[in-house]
>>> print(open('my_file.cif').read())   # mmCIF, C-alpha atoms
data_upload
#
loop_
_atom_site.group_PDB
_atom_site.id
_atom_site.type_symbol
_atom_site.label_atom_id
_atom_site.label_comp_id
_atom_site.auth_asym_id
_atom_site.auth_seq_id
_atom_site.Cartn_x
_atom_site.Cartn_y
_atom_site.Cartn_z
ATOM 1 C CA MET A 748 116.867 -244.877 144.718
ATOM 2 C CA ASP A 749 115.262 -241.658 145.954
ATOM 3 C CA ARG A 750 115.477 -239.216 143.032
ATOM 4 C CA ARG A 751 113.747 -236.299 144.722
ATOM 5 C CA PRO A 752 115.742 -233.061 144.135
ATOM 6 C CA GLN A 753 117.901 -232.035 147.053
ATOM 7 C CA GLY A 754 116.568 -229.185 149.165
ATOM 8 C CA ILE A 755 112.853 -229.840 148.417
ATOM 9 C CA PRO A 756 111.085 -230.735 151.672
ATOM 10 C CA VAL A 757 109.311 -234.075 151.936
ATOM 11 C CA SER A 758 105.643 -233.880 152.901
ATOM 12 C CA ARG A 759 105.106 -235.386 156.343
ATOM 13 C CA SER A 760 102.440 -235.370 158.964
ATOM 14 C CA PRO A 761 102.349 -232.349 161.314
ATOM 15 C CA ASP A 762 103.525 -234.552 164.187
ATOM 16 C CA SER A 763 106.621 -235.900 162.454
ATOM 17 C CA PRO A 764 110.125 -234.897 163.687
ATOM 18 C CA ALA A 765 110.832 -233.186 160.357
ATOM 19 C CA THR A 766 108.235 -230.543 161.162
ATOM 20 C CA ALA A 767 110.187 -229.382 164.211
ATOM 21 C CA VAL A 768 113.366 -229.167 162.147
ATOM 22 C CA ALA A 769 111.630 -227.222 159.399
ATOM 23 C CA SER A 770 110.341 -224.653 161.924
ATOM 24 C CA ARG A 771 113.835 -223.610 162.967
ATOM 25 C CA PRO A 772 114.563 -221.455 159.909
ATOM 26 C CA ARG A 773 111.193 -219.760 160.441
ATOM 27 C CA LEU A 774 112.129 -218.849 164.037
ATOM 28 C CA SER A 775 115.506 -217.673 162.811
ATOM 29 C CA ALA A 776 113.803 -215.507 160.200
ATOM 30 C CA TRP A 777 111.638 -213.856 162.855
ATOM 31 C CA TRP A 778 114.697 -213.251 165.017
ATOM 32 C CA ARG A 779 116.482 -211.551 162.130
ATOM 33 C CA ALA A 780 113.413 -209.513 161.223
ATOM 34 C CA LEU A 781 112.908 -208.251 164.783
ATOM 35 C CA ARG A 782 116.617 -207.311 165.047
ATOM 36 C CA PRO A 783 116.947 -207.471 168.842
ATOM 37 C CA HIS A 784 120.625 -206.514 168.524
ATOM 38 C CA GLN A 785 119.414 -203.080 167.410
ATOM 39 C CA TRP A 786 117.959 -202.554 170.887
ATOM 40 C CA SER A 787 121.461 -201.430 171.834
ATOM 41 C CA LYS A 788 120.613 -198.053 170.256
ATOM 42 C CA ASN A 789 117.947 -197.593 172.917
ATOM 43 C CA LEU A 790 120.618 -197.457 175.605
ATOM 44 C CA LEU A 791 120.434 -193.744 174.827
ATOM 45 C CA VAL A 792 117.412 -193.554 177.129
ATOM 46 C CA PHE A 793 119.804 -194.019 180.062
ATOM 47 C CA VAL A 794 121.948 -191.038 179.040
ATOM 48 C CA PRO A 795 119.797 -188.394 180.822
ATOM 49 C CA ALA A 796 120.016 -190.401 184.064
ATOM 50 C CA VAL A 797 123.795 -190.519 183.758
ATOM 51 C CA ALA A 798 124.054 -186.853 182.764
ATOM 52 C CA ALA A 799 121.868 -185.869 185.740
ATOM 53 C CA HIS A 800 124.023 -188.036 188.059
ATOM 54 C CA ARG A 801 120.981 -190.086 189.088
ATOM 55 C CA TYR A 802 122.341 -193.477 188.025
ATOM 56 C CA GLY A 803 122.516 -194.540 191.684
ATOM 57 C CA ASP A 804 118.760 -194.090 192.247
ATOM 58 C CA PRO A 805 116.864 -197.417 191.818
ATOM 59 C CA ALA A 806 113.542 -195.740 190.943
ATOM 60 C CA THR A 807 115.218 -193.647 188.255
ATOM 61 C CA MET A 808 116.942 -196.623 186.700
ATOM 62 C CA LEU A 809 113.777 -198.753 186.773
ATOM 63 C CA ALA A 810 111.875 -196.015 184.947
ATOM 64 C CA ALA A 811 114.668 -195.761 182.386
ATOM 65 C CA LEU A 812 114.626 -199.555 182.014
ATOM 66 C CA ALA A 813 110.862 -199.518 181.348
ATOM 67 C CA MET A 814 111.437 -196.850 178.693
ATOM 68 C CA PHE A 815 114.233 -198.961 177.206
ATOM 69 C CA ILE A 816 111.958 -202.006 176.892
ATOM 70 C CA ALA A 817 109.062 -199.986 175.458
ATOM 71 C CA MET A 818 111.355 -198.331 172.908
ATOM 72 C CA GLY A 819 112.843 -201.723 172.020
ATOM 73 C CA LEU A 820 109.437 -203.252 171.344
ATOM 74 C CA ALA A 821 108.461 -200.230 169.262
ATOM 75 C CA ALA A 822 111.762 -200.313 167.364
ATOM 76 C CA SER A 823 111.308 -203.993 166.458
ATOM 77 C CA ALA A 824 107.811 -203.197 165.202
ATOM 78 C CA ILE A 825 109.166 -200.360 163.069
ATOM 79 C CA TYR A 826 111.873 -202.619 161.611
ATOM 80 C CA LEU A 827 109.156 -205.054 160.529
ATOM 81 C CA VAL A 828 107.176 -202.273 158.856
ATOM 82 C CA ASN A 829 110.273 -200.805 157.223
ATOM 83 C CA ASP A 830 111.387 -204.165 155.824
ATOM 84 C CA ILE A 831 107.907 -204.868 154.486
ATOM 85 C CA THR A 832 107.725 -201.530 152.666
ATOM 86 C CA ASP A 833 111.335 -201.810 151.490
ATOM 87 C CA ARG A 834 111.229 -205.417 150.301
ATOM 88 C CA ASP A 835 111.204 -204.601 146.561
ATOM 89 C CA ALA A 836 114.219 -202.289 146.852
ATOM 90 C CA ASP A 837 115.966 -204.766 149.181
ATOM 91 C CA ARG A 838 115.756 -207.484 146.531
ATOM 92 C CA ARG A 839 118.125 -205.387 144.397
ATOM 93 C CA HIS A 840 120.710 -205.056 147.189
ATOM 94 C CA ALA A 841 123.613 -207.491 147.631
ATOM 95 C CA ARG A 842 122.966 -208.151 151.332
ATOM 96 C CA LYS A 843 119.492 -206.808 152.010
ATOM 97 C CA ARG A 844 117.979 -209.255 149.510
ATOM 98 C CA LEU A 845 118.518 -211.913 152.196
ATOM 99 C CA ARG A 846 116.251 -210.152 154.674
ATOM 100 C CA PRO A 847 113.234 -212.316 155.611
ATOM 101 C CA PHE A 848 110.563 -210.292 153.781
ATOM 102 C CA ALA A 849 112.686 -209.580 150.716
ATOM 103 C CA SER A 850 113.647 -213.249 150.401
ATOM 104 C CA GLY A 851 110.110 -214.513 150.958
ATOM 105 C CA GLU A 852 110.847 -216.330 154.216
ATOM 106 C CA LEU A 853 108.165 -214.289 155.971
ATOM 107 C CA ARG A 854 104.848 -213.032 154.661
ATOM 108 C CA PRO A 855 104.094 -209.287 154.825
ATOM 109 C CA ALA A 856 100.700 -209.940 156.437
ATOM 110 C CA ALA A 857 102.328 -211.885 159.260
ATOM 111 C CA GLY A 858 104.869 -209.114 159.736
ATOM 112 C CA ALA A 859 102.183 -206.447 159.887
ATOM 113 C CA GLY A 860 100.313 -208.447 162.521
ATOM 114 C CA ALA A 861 103.441 -208.922 164.617
ATOM 115 C CA ALA A 862 104.228 -205.205 164.370
ATOM 116 C CA SER A 863 100.745 -204.343 165.650
ATOM 117 C CA VAL A 864 101.163 -206.655 168.631
ATOM 118 C CA LEU A 865 104.580 -205.240 169.502
ATOM 119 C CA LEU A 866 103.307 -201.664 169.323
ATOM 120 C CA ALA A 867 100.365 -202.608 171.547
ATOM 121 C CA PHE A 868 102.709 -204.093 174.177
ATOM 122 C CA ALA A 869 105.018 -201.070 173.997
ATOM 123 C CA THR A 870 102.102 -198.689 174.467
ATOM 124 C CA ALA A 871 100.605 -200.710 177.324
ATOM 125 C CA LEU A 872 103.925 -200.782 179.181
ATOM 126 C CA ALA A 873 104.502 -197.047 178.742
ATOM 127 C CA VAL A 874 100.958 -196.119 179.807
ATOM 128 C CA ALA A 875 101.111 -198.420 182.831
ATOM 129 C CA VAL A 876 104.383 -197.312 184.419
ATOM 130 C CA LEU A 877 105.694 -194.129 182.777
ATOM 131 C CA PRO A 878 104.734 -190.427 182.946
ATOM 132 C CA VAL A 879 102.509 -188.889 180.290
ATOM 133 C CA ALA A 880 105.486 -187.029 178.802
ATOM 134 C CA ALA A 881 107.295 -190.336 178.270
ATOM 135 C CA VAL A 882 104.239 -191.848 176.558
ATOM 136 C CA ALA A 883 104.101 -188.784 174.308
ATOM 137 C CA ALA A 884 107.799 -189.168 173.459
ATOM 138 C CA LEU A 885 107.239 -192.819 172.562
ATOM 139 C CA ALA A 886 104.247 -191.879 170.399
ATOM 140 C CA ALA A 887 106.312 -189.189 168.642
ATOM 141 C CA TYR A 888 109.071 -191.727 167.984
ATOM 142 C CA VAL A 889 106.641 -194.243 166.492
ATOM 143 C CA ALA A 890 104.871 -191.612 164.369
ATOM 144 C CA LEU A 891 108.119 -190.204 162.975
ATOM 145 C CA ALA A 892 109.572 -193.672 162.367
ATOM 146 C CA LEU A 893 106.444 -194.741 160.484
ATOM 147 C CA GLY A 894 106.572 -191.526 158.487
ATOM 148 C CA TYR A 895 110.170 -192.379 157.643
ATOM 149 C CA SER A 896 109.247 -195.910 156.552
ATOM 150 C CA PHE A 897 106.425 -194.843 154.253
ATOM 151 C CA LEU A 898 107.596 -191.506 152.858
ATOM 152 C CA LEU A 899 110.423 -189.489 154.409
ATOM 153 C CA LYS A 900 113.206 -191.937 153.587
ATOM 154 C CA ARG A 901 112.664 -191.194 149.887
ATOM 155 C CA TRP A 902 113.493 -187.476 150.228
ATOM 156 C CA LEU A 903 117.060 -186.363 149.706
ATOM 157 C CA ALA A 904 118.730 -185.155 152.954
ATOM 158 C CA VAL A 905 115.401 -185.222 154.826
ATOM 159 C CA ASP A 906 115.866 -188.930 155.539
ATOM 160 C CA VAL A 907 119.230 -188.277 157.206
ATOM 161 C CA ALA A 908 117.798 -185.502 159.382
ATOM 162 C CA VAL A 909 114.938 -187.789 160.424
ATOM 163 C CA LEU A 910 117.315 -190.630 161.310
ATOM 164 C CA ALA A 911 119.365 -188.260 163.473
ATOM 165 C CA PHE A 912 116.263 -186.889 165.174
ATOM 166 C CA LEU A 913 115.043 -190.403 165.960
ATOM 167 C CA TYR A 914 118.187 -190.795 168.055
ATOM 168 C CA VAL A 915 117.506 -187.449 169.727
ATOM 169 C CA LEU A 916 113.975 -188.655 170.523
ATOM 170 C CA ARG A 917 115.472 -191.625 172.371
ATOM 171 C CA VAL A 918 117.382 -189.208 174.596
ATOM 172 C CA LEU A 919 114.291 -187.044 175.110
ATOM 173 C CA ALA A 920 112.243 -190.142 175.966
ATOM 174 C CA GLY A 921 114.813 -191.139 178.567
ATOM 175 C CA GLY A 922 114.615 -187.706 180.158
ATOM 176 C CA ALA A 923 110.810 -187.759 180.127
ATOM 177 C CA ALA A 924 110.764 -191.194 181.744
ATOM 178 C CA ILE A 925 112.710 -189.970 184.788
ATOM 179 C CA GLY A 926 111.309 -186.437 184.898
ATOM 180 C CA VAL A 927 114.542 -184.691 183.893
ATOM 181 C CA GLU A 928 114.796 -181.859 181.391
ATOM 182 C CA VAL A 929 117.429 -182.768 178.825
ATOM 183 C CA SER A 930 120.226 -180.220 178.447
ATOM 184 C CA PRO A 931 120.407 -178.297 175.138
ATOM 185 C CA TRP A 932 124.088 -179.275 175.066
ATOM 186 C CA LEU A 933 123.169 -182.953 175.085
ATOM 187 C CA LEU A 934 120.504 -182.476 172.427
ATOM 188 C CA ALA A 935 122.900 -180.576 170.157
ATOM 189 C CA LEU A 936 125.615 -183.195 170.609
ATOM 190 C CA SER A 937 123.180 -186.043 169.958
ATOM 191 C CA PHE A 938 121.902 -184.504 166.729
ATOM 192 C CA ALA A 939 125.359 -183.654 165.355
ATOM 193 C CA LEU A 940 126.878 -187.018 166.248
ATOM 194 C CA PHE A 941 124.029 -189.129 164.926
ATOM 195 C CA ALA A 942 123.639 -186.990 161.826
ATOM 196 C CA SER A 943 127.257 -187.855 161.033
ATOM 197 C CA LEU A 944 126.478 -191.564 161.529
ATOM 198 C CA ALA A 945 123.322 -191.345 159.382
ATOM 199 C CA LEU A 946 125.278 -189.658 156.604
ATOM 200 C CA ALA A 947 127.954 -192.362 156.848
ATOM 201 C CA LYS A 948 125.255 -195.029 156.542
ATOM 202 C CA ARG A 949 123.860 -193.462 153.392
ATOM 203 C CA TYR A 950 127.362 -192.873 151.985
ATOM 204 C CA ALA A 951 128.318 -196.539 152.468
ATOM 205 C CA GLU A 952 125.090 -197.758 150.856
ATOM 206 C CA LEU A 953 125.488 -195.455 147.895
ATOM 207 C CA ALA A 954 129.184 -196.200 147.363
ATOM 208 C CA GLU A 955 128.597 -199.953 147.099
ATOM 209 C CA SER A 956 125.319 -199.922 145.195
ATOM 210 C CA PRO A 957 125.627 -201.071 141.566
ATOM 211 C CA HIS A 958 122.359 -199.255 140.798
ATOM 212 C CA ALA A 959 123.539 -195.782 141.868
ATOM 213 C CA ALA A 960 125.861 -195.393 138.871
ATOM 214 C CA ALA A 961 122.968 -195.646 136.409
ATOM 215 C CA GLY A 962 120.266 -193.989 138.480
ATOM 216 C CA ARG A 963 119.010 -193.527 142.004
ATOM 217 C CA LEU A 964 119.749 -195.671 145.019
ATOM 218 C CA PRO A 965 116.758 -198.070 145.225
ATOM 219 C CA GLY A 966 114.141 -196.726 147.617
ATOM 220 C CA ARG A 967 116.121 -193.526 148.285
ATOM 221 C CA GLY A 968 116.662 -190.186 146.595
ATOM 222 C CA TYR A 969 120.437 -190.442 146.190
ATOM 223 C CA GLU A 970 122.695 -190.752 143.163
ATOM 224 C CA ARG A 971 126.417 -191.372 142.809
ATOM 225 C CA ALA A 972 126.934 -187.628 142.311
ATOM 226 C CA HIS A 973 125.825 -187.062 145.917
ATOM 227 C CA LEU A 974 128.764 -188.950 147.438
ATOM 228 C CA GLY A 975 130.845 -185.793 147.738
ATOM 229 C CA TRP A 976 128.372 -183.729 149.716
ATOM 230 C CA LEU A 977 127.408 -186.709 151.877
ATOM 231 C CA ARG A 978 131.054 -187.048 152.926
ATOM 232 C CA THR A 979 131.499 -183.296 153.420
ATOM 233 C CA ALA A 980 128.325 -182.950 155.496
ATOM 234 C CA GLY A 981 129.153 -186.046 157.529
ATOM 235 C CA LEU A 982 132.659 -184.896 158.405
ATOM 236 C CA ALA A 983 131.326 -181.412 159.230
ATOM 237 C CA CYS A 984 128.871 -182.979 161.693
ATOM 238 C CA ALA A 985 131.726 -185.002 163.194
ATOM 239 C CA VAL A 986 133.765 -181.847 163.777
ATOM 240 C CA ALA A 987 130.672 -180.121 165.197
ATOM 241 C CA SER A 988 130.253 -182.976 167.680
ATOM 242 C CA ALA A 989 133.791 -182.518 168.992
ATOM 243 C CA LEU A 990 133.352 -178.736 169.115
ATOM 244 C CA ILE A 991 130.136 -179.022 171.149
ATOM 245 C CA ILE A 992 131.905 -181.217 173.698
ATOM 246 C CA ALA A 993 134.818 -178.789 173.972
ATOM 247 C CA LEU A 994 132.481 -175.803 174.386
ATOM 248 C CA TYR A 995 130.485 -177.646 177.027
ATOM 249 C CA ALA A 996 133.665 -178.462 178.930
ATOM 250 C CA ALA A 997 134.562 -174.772 178.886
ATOM 251 C CA SER A 998 131.116 -173.678 180.042
ATOM 252 C CA LEU A 999 129.999 -173.032 183.593
ATOM 253 C CA ALA A 1000 127.514 -175.882 183.259
ATOM 254 C CA GLY A 1001 130.351 -178.302 182.745
ATOM 255 C CA SER A 1002 132.272 -177.108 185.773
ATOM 256 C CA ARG A 1003 129.188 -177.291 188.009
ATOM 257 C CA TYR A 1004 128.207 -180.843 187.267
ATOM 258 C CA TYR A 1005 131.587 -182.581 187.137
ATOM 259 C CA SER A 1006 134.255 -182.832 189.812
ATOM 260 C CA GLN A 1007 137.051 -182.975 187.203
ATOM 261 C CA PRO A 1008 135.621 -181.120 184.167
ATOM 262 C CA ALA A 1009 139.045 -180.829 182.563
ATOM 263 C CA TRP A 1010 138.712 -184.482 181.557
ATOM 264 C CA LEU A 1011 135.780 -183.511 179.338
ATOM 265 C CA TYR A 1012 138.151 -181.684 177.022
ATOM 266 C CA ALA A 1013 139.782 -185.028 176.222
ATOM 267 C CA LEU A 1014 136.424 -186.393 175.088
ATOM 268 C CA ALA A 1015 136.383 -184.032 172.100
ATOM 269 C CA PRO A 1016 139.319 -185.608 170.217
ATOM 270 C CA ILE A 1017 138.220 -189.094 171.296
ATOM 271 C CA VAL A 1018 134.758 -188.636 169.757
ATOM 272 C CA LEU A 1019 136.317 -187.099 166.659
ATOM 273 C CA ALA A 1020 138.699 -190.065 166.345
ATOM 274 C CA TRP A 1021 135.802 -192.521 166.657
ATOM 275 C CA LEU A 1022 133.752 -190.745 163.979
ATOM 276 C CA ALA A 1023 136.822 -190.533 161.747
ATOM 277 C CA ARG A 1024 137.168 -194.303 162.141
ATOM 278 C CA VAL A 1025 133.519 -194.748 161.127
ATOM 279 C CA TRP A 1026 134.029 -192.634 158.023
ATOM 280 C CA MET A 1027 137.247 -194.419 157.125
ATOM 281 C CA ARG A 1028 135.405 -197.747 157.164
ATOM 282 C CA ALA A 1029 132.548 -196.231 155.144
ATOM 283 C CA GLY A 1030 135.026 -194.954 152.570
ATOM 284 C CA ASP A 1031 136.925 -198.206 152.078
ATOM 285 C CA GLY A 1032 133.822 -200.407 151.852
ATOM 286 C CA ARG A 1033 134.210 -202.233 155.164
ATOM 287 C CA MET A 1034 131.174 -200.752 156.868
ATOM 288 C CA HIS A 1035 128.130 -202.816 157.743
ATOM 289 C CA ASP A 1036 124.825 -201.345 156.542
ATOM 290 C CA ASP A 1037 124.394 -199.790 159.994
ATOM 291 C CA PRO A 1038 127.358 -197.808 161.412
ATOM 292 C CA VAL A 1039 126.291 -198.478 165.022
ATOM 293 C CA VAL A 1040 126.264 -202.230 164.415
ATOM 294 C CA ASP A 1041 129.501 -201.960 162.458
ATOM 295 C CA SER A 1042 131.177 -200.130 165.353
ATOM 296 C CA ALA A 1043 130.139 -202.912 167.728
ATOM 297 C CA THR A 1044 132.093 -205.402 165.603
ATOM 298 C CA ASP A 1045 135.150 -203.207 165.008
ATOM 299 C CA PRO A 1046 137.823 -203.907 167.672
ATOM 300 C CA PHE A 1047 139.641 -200.632 167.084
ATOM 301 C CA GLY A 1048 136.405 -198.662 167.233
ATOM 302 C CA LEU A 1049 135.412 -200.458 170.448
ATOM 303 C CA ALA A 1050 138.790 -199.565 171.953
ATOM 304 C CA ILE A 1051 138.166 -195.886 171.203
ATOM 305 C CA VAL A 1052 134.721 -196.117 172.811
ATOM 306 C CA ALA A 1053 136.244 -197.776 175.907
ATOM 307 C CA VAL A 1054 138.773 -194.958 176.231
ATOM 308 C CA GLY A 1055 135.951 -192.432 175.889
ATOM 309 C CA ILE A 1056 133.903 -194.094 178.643
ATOM 310 C CA ALA A 1057 136.940 -194.196 180.945
ATOM 311 C CA THR A 1058 137.577 -190.504 180.268
ATOM 312 C CA PHE A 1059 133.979 -189.601 181.070
ATOM 313 C CA VAL A 1060 134.100 -191.581 184.319
ATOM 314 C CA ALA A 1061 137.277 -189.737 185.283
ATOM 315 C CA ALA A 1062 135.415 -186.437 184.878
ATOM 316 C CA LEU A 1063 132.595 -187.411 187.279
#
>>> encode(input="my_file.cif", output="structure tokens")
Amino acid sequence: MDRRPQGIPVSRSPDSPATAVASRPRLSAWWRALRPHQWSKNLLVFVPAVAAHRYGDPATMLAALAMFIAMGLAASAIYLVNDITDRDADRRHARKRLRPFASGELRPAAGAGAASVLLAFATALAVAVLPVAAVAALAAYVALALGYSFLLKRWLAVDVAVLAFLYVLRVLAGGAAIGVEVSPWLLALSFALFASLALAKRYAELAESPHAAAGRLPGRGYERAHLGWLRTAGLACAVASALIIALYAASLAGSRYYSQPAWLYALAPIVLAWLARVWMRAGDGRMHDDPVVDSATDPFGLAIVAVGIATFVAAL
């Protein structure tokens, strides 16, 4: 009878069928570490093309697509770096302890090498096909994201502002890629909206962390006592987002660029309802670690987004 403990791999030659089976978890670990589903955040690079009503121009959309791919490669590289630097704190988290670097599935050295390759490809693509301003925006994104991974995420409130500005940089990069100056209205809305989401992310992490009651949230500068101001600041940013939309709809800029600008007024309560939904899920413990990912799996939240998109299209 074979008395080898279950779950311990049997040593075989490199050419045996078992080797191919054993490699599957490794590929799965890389897939999870690279987080390709997070590339959805980089759809923000297309927003300037839509806002400038240039979504029907093939050259514009191809440039935006190149920026999307470059930002995606860079984002995956940053996720690798962030998970490597965060692996000790992640091991004390209920879900994050299963991440490939925290669990030991992947080696930090291998992750660092993969991150370097991804950043090299992202840079090469941007330099080859995009304007200098777009390359500079990509470089600023990478520099700020690396600063976040190594230092800024540990500073109270600063980390949230940086997360929000990283979203704004995606919008700026999209505008730079197609040679369009991004409207101050769009920049203000982007910062307020994504600041609310960043605050919700930190609120959800802090509320469920067993370590926050006795001390600080691992790897961050937050304590349980900060839950109140996180919620207050997050809801204030949500209200600011709706107010910015309403003010834009009332402005001359809104009436010039949209055939039915009155529809834009309806976007204000729709966005507010969506952010309220995000905060409700953060408050009752149902939120995924990332509010954007959580919203993509929330049927009610997706319905609100669909209504918002339909309303925006009606305003065009």
>>> resolve_selection(input="my_file.cif", expression="the PyMOL selection byres ((chain A and resi 893-898) around 8)", output="count of residues only")
14
>>> closest_residue(input="my_file.cif", among="A:Ala883, A:Ser787, A:Ala817, A:Ala799", to="Val1039 (chain A)", atoms="only C-alpha atoms")
A:Ser787
>>> resolve_selection(input="my_file.cif", expression="the PyMOL selection byres ((chain A and resi 870) around 9)", output="list in words")
Ala817, Ala821, Leu865, Leu866, Ala867, Phe868, Ala869, Ala871, Leu872, Ala873, Val874, Ala875, Val882, Leu885 and Ala886 of chain A
>>> axis_aligned_box(input="my_file.cif", around="region 906-921 of chain A", padding_each_side="5 Å", output="JSON")
{"center_x": 115.8, "center_y": -188.6, "center_z": 167.1, "size_x": 17.1, "size_y": 16.1, "size_z": 33.0}
>>> resolve_selection(input="my_file.cif", expression="the PyMOL selection byres ((chain A and resi 1034) around 12)", output="ChimeraX atom specification")
/A:944,947-955,1024-1033,1035-1045,1048
>>> residues_near_point(input="my_file.cif", point="(123.2, -179.5, 172.5)", cutoff="12 Å", atoms="all atoms listed in the file", output="JSON, numbers by chain")
{"A": [915, 918, 919, 929, 930, 931, 932, 933, 934, 935, 936, 937, 938, 939, 940, 987, 988, 989, 990, 991, 992, 993, 994, 995]}
>>> residues_around(input="my_file.cif", residues="Ala796 (chain A)", least_positions_apart="2", cutoff="8 Å", atoms="all atoms listed in the file", output="JSON, numbers by chain")
{"A": [793, 794, 798, 799, 800, 801, 802, 807, 808, 811, 921, 922, 925, 927]}
>>> residues_around(input="my_file.cif", residues="region 840-855 of chain A", least_positions_apart="4", cutoff="8 Å", atoms="only C-alpha atoms", output="list of chain:residue names")
A:Arg773, A:Ala776, A:Trp777, A:Arg779, A:Ala780, A:Asp830, A:Ile831, A:Asp833, A:Arg834, A:Asp835, A:Ala836, A:Ala859, A:Ser956
>>> build_atoms(input="my_file.cif", residues="region 1031-1051 of chain A", atoms="N, CA and C atoms", output="mmCIF file, in the coordinates of the input")
data_model
loop_
_atom_site.group_PDB
_atom_site.id
_atom_site.type_symbol
_atom_site.label_atom_id
_atom_site.label_comp_id
_atom_site.auth_asym_id
_atom_site.auth_seq_id
_atom_site.Cartn_x
_atom_site.Cartn_y
_atom_site.Cartn_z
ATOM 1 N N ASP A 1031 136.207 -197.079 152.697
ATOM 2 C CA ASP A 1031 136.925 -198.206 152.078
ATOM 3 C C ASP A 1031 136.057 -199.445 151.908
ATOM 4 N N GLY A 1032 134.747 -199.307 152.134
ATOM 5 C CA GLY A 1032 133.822 -200.407 151.852
ATOM 6 C C GLY A 1032 133.725 -201.464 152.916
ATOM 7 N N ARG A 1033 134.256 -201.215 154.110
ATOM 8 C CA ARG A 1033 134.210 -202.233 155.164
ATOM 9 C C ARG A 1033 133.021 -202.073 156.101
ATOM 10 N N MET A 1034 132.253 -201.020 155.921
ATOM 11 C CA MET A 1034 131.174 -200.752 156.868
ATOM 12 C C MET A 1034 129.981 -201.665 156.637
ATOM 13 N N HIS A 1035 129.417 -202.132 157.746
ATOM 14 C CA HIS A 1035 128.130 -202.816 157.743
ATOM 15 C C HIS A 1035 127.074 -201.790 157.341
ATOM 16 N N ASP A 1036 125.889 -202.258 156.942
ATOM 17 C CA ASP A 1036 124.825 -201.345 156.542
ATOM 18 C C ASP A 1036 124.499 -200.319 157.625
ATOM 19 N N ASP A 1037 124.686 -200.687 158.884
ATOM 20 C CA ASP A 1037 124.394 -199.790 159.994
ATOM 21 C C ASP A 1037 125.692 -199.448 160.708
ATOM 22 N N PRO A 1038 126.084 -198.165 160.791
ATOM 23 C CA PRO A 1038 127.358 -197.808 161.412
ATOM 24 C C PRO A 1038 127.435 -198.141 162.897
ATOM 25 N N VAL A 1039 126.283 -198.119 163.601
ATOM 26 C CA VAL A 1039 126.291 -198.478 165.022
ATOM 27 C C VAL A 1039 126.617 -199.953 165.189
ATOM 28 N N VAL A 1040 125.976 -200.792 164.374
ATOM 29 C CA VAL A 1040 126.264 -202.230 164.415
ATOM 30 C C VAL A 1040 127.694 -202.497 163.971
ATOM 31 N N ASP A 1041 128.138 -201.786 162.943
ATOM 32 C CA ASP A 1041 129.501 -201.960 162.458
ATOM 33 C C ASP A 1041 130.516 -201.619 163.548
ATOM 34 N N SER A 1042 130.255 -200.538 164.292
ATOM 35 C CA SER A 1042 131.177 -200.130 165.353
ATOM 36 C C SER A 1042 131.259 -201.181 166.457
ATOM 37 N N ALA A 1043 130.153 -201.879 166.690
ATOM 38 C CA ALA A 1043 130.139 -202.912 167.728
ATOM 39 C C ALA A 1043 130.962 -204.129 167.339
ATOM 40 N N THR A 1044 131.295 -204.261 166.063
ATOM 41 C CA THR A 1044 132.093 -205.402 165.603
ATOM 42 C C THR A 1044 133.501 -204.984 165.190
ATOM 43 N N ASP A 1045 133.837 -203.726 165.382
ATOM 44 C CA ASP A 1045 135.150 -203.207 165.008
ATOM 45 C C ASP A 1045 136.017 -203.085 166.256
ATOM 46 N N PRO A 1046 137.011 -203.939 166.443
ATOM 47 C CA PRO A 1046 137.823 -203.907 167.672
ATOM 48 C C PRO A 1046 138.472 -202.558 167.934
ATOM 49 N N PHE A 1047 138.988 -201.927 166.890
ATOM 50 C CA PHE A 1047 139.641 -200.632 167.084
ATOM 51 C C PHE A 1047 138.627 -199.576 167.496
ATOM 52 N N GLY A 1048 137.456 -199.602 166.864
ATOM 53 C CA GLY A 1048 136.405 -198.662 167.233
ATOM 54 C C GLY A 1048 135.936 -198.878 168.656
ATOM 55 N N LEU A 1049 135.813 -200.152 169.075
ATOM 56 C CA LEU A 1049 135.412 -200.458 170.448
ATOM 57 C C LEU A 1049 136.454 -199.968 171.447
ATOM 58 N N ALA A 1050 137.717 -200.051 171.071
ATOM 59 C CA ALA A 1050 138.790 -199.565 171.953
ATOM 60 C C ALA A 1050 138.664 -198.057 172.152
ATOM 61 N N ILE A 1051 138.351 -197.329 171.085
ATOM 62 C CA ILE A 1051 138.166 -195.886 171.203
ATOM 63 C C ILE A 1051 136.982 -195.570 172.115
#
